[in-house]
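Report on one structure; see the data block that follows.
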Amino acid sequence: MRISIARIKALCRERGETLSGLLAAAGVSRNAFYSLARRKSVFPRTLEAVGARLGVRPDALLTADDAGTEEMRALLADVDEIVRRNRGIDRETARHTLVLLKEKPVDRLRRALVRSQRPDIH
Amino acid sequence: MSARKGLIFTEREIRFLRELVRARVDFMIVGLSAAALQGAAVVTQDIDLWFKDLEDPRIRKALKKVGATYLPPIGDNPPVFVGDNVELFDIVLSMHGLGEFDKERKAAIRIPLGPFKVPVLPIERILRSKQALRRPKDRLYLRVLGDTLRTIKASKSRCNKG
């Protein structure tokens, strides 16, 4: 997989920016950018090889370095299991409860009080 | 009021609860704020406090320490606490559908609120009280409280297995 300069330029246009302006703002030199853009694949050979062996594209082996996302995935898996094991339970309530159980009691209470003061929060 | 100043349940309110605990006043947090403390996704405007004896002089002392006072019932108006630091608190005189204070207090759970713990009526009992009241606003929360309870039990059971 390689860098699509056309795609990046299109995104720049949408934001009213030029590619040069974007690189400058991002602190990336033109040399570094075009050097990477010329490569046939931006992925290291190791990842290409593992992906090829598994029969998937190398980007399928990546995950965003985001602990919050992983935590939410795990929580939603817990919700699935609770809903499966407890017939009729409301999924939203189960999810909210599991989220709240991760917080300190005082913060749970603050949420309940704040929401009553802010009917625009859902 | 704290809410008007953009802050809700700050150190000022916590201090009053701490003074009650420190003075060993017999009380517990009940109602939806108690449910919220235990993980229920509910909305509430105040924190209901159920006291064994409103005439307990230790309550007045705790109030004094946070610059507040007690106003006894006037006509049909229930007793209230007066003062900036206690406006969020409501006084509960009895809980419908539940037993006497002492009996319920024994089953109360202690929840940490910073460096100290407060006695809180368990969700099972809050649910029981709401079922007994059956007011429209209580009925709204029956399903939420019931499902919250089931979720907490399921979650604990998973943790114990894990």
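As shown in the structure tokens, the chain order sets the letters A, B, ...; within each chain, residues go from 1, and ligands are also counted from 1 in the order they appear.
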
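Proximity to chain B at a cut-off of 6 Å picks out Ile89, Ala94, Thr97, Leu100, Leu101, Pro105, Val106, Arg108, Leu109, Ala112, Leu113, Arg115 and Ser116 of chain A on chain A, counting only C-alpha atoms.
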
Got a sec: who's within 9 Å of Val80 of chain B, counting only C-alpha atoms, leaving out chain neighbours fewer than 5 positions off, as a VMD selection string? chain B and resid 69 to 73 87 89 to 91

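The coordinates place atom CA of Arg111 of chain A at 25.8 Å from atom CA of Ala62 of chain B.
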
Distance query segment 19-36 of chain A at most 8 Å, only C-alpha atoms, self and fewer than 4 positions along chain excluded, as a count of residues only: 5

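Atom pair atom CA of Lys52 of chain B / atom CA of Asp26 of chain B has a distance of 5.6 Å (rounded to one decimal).
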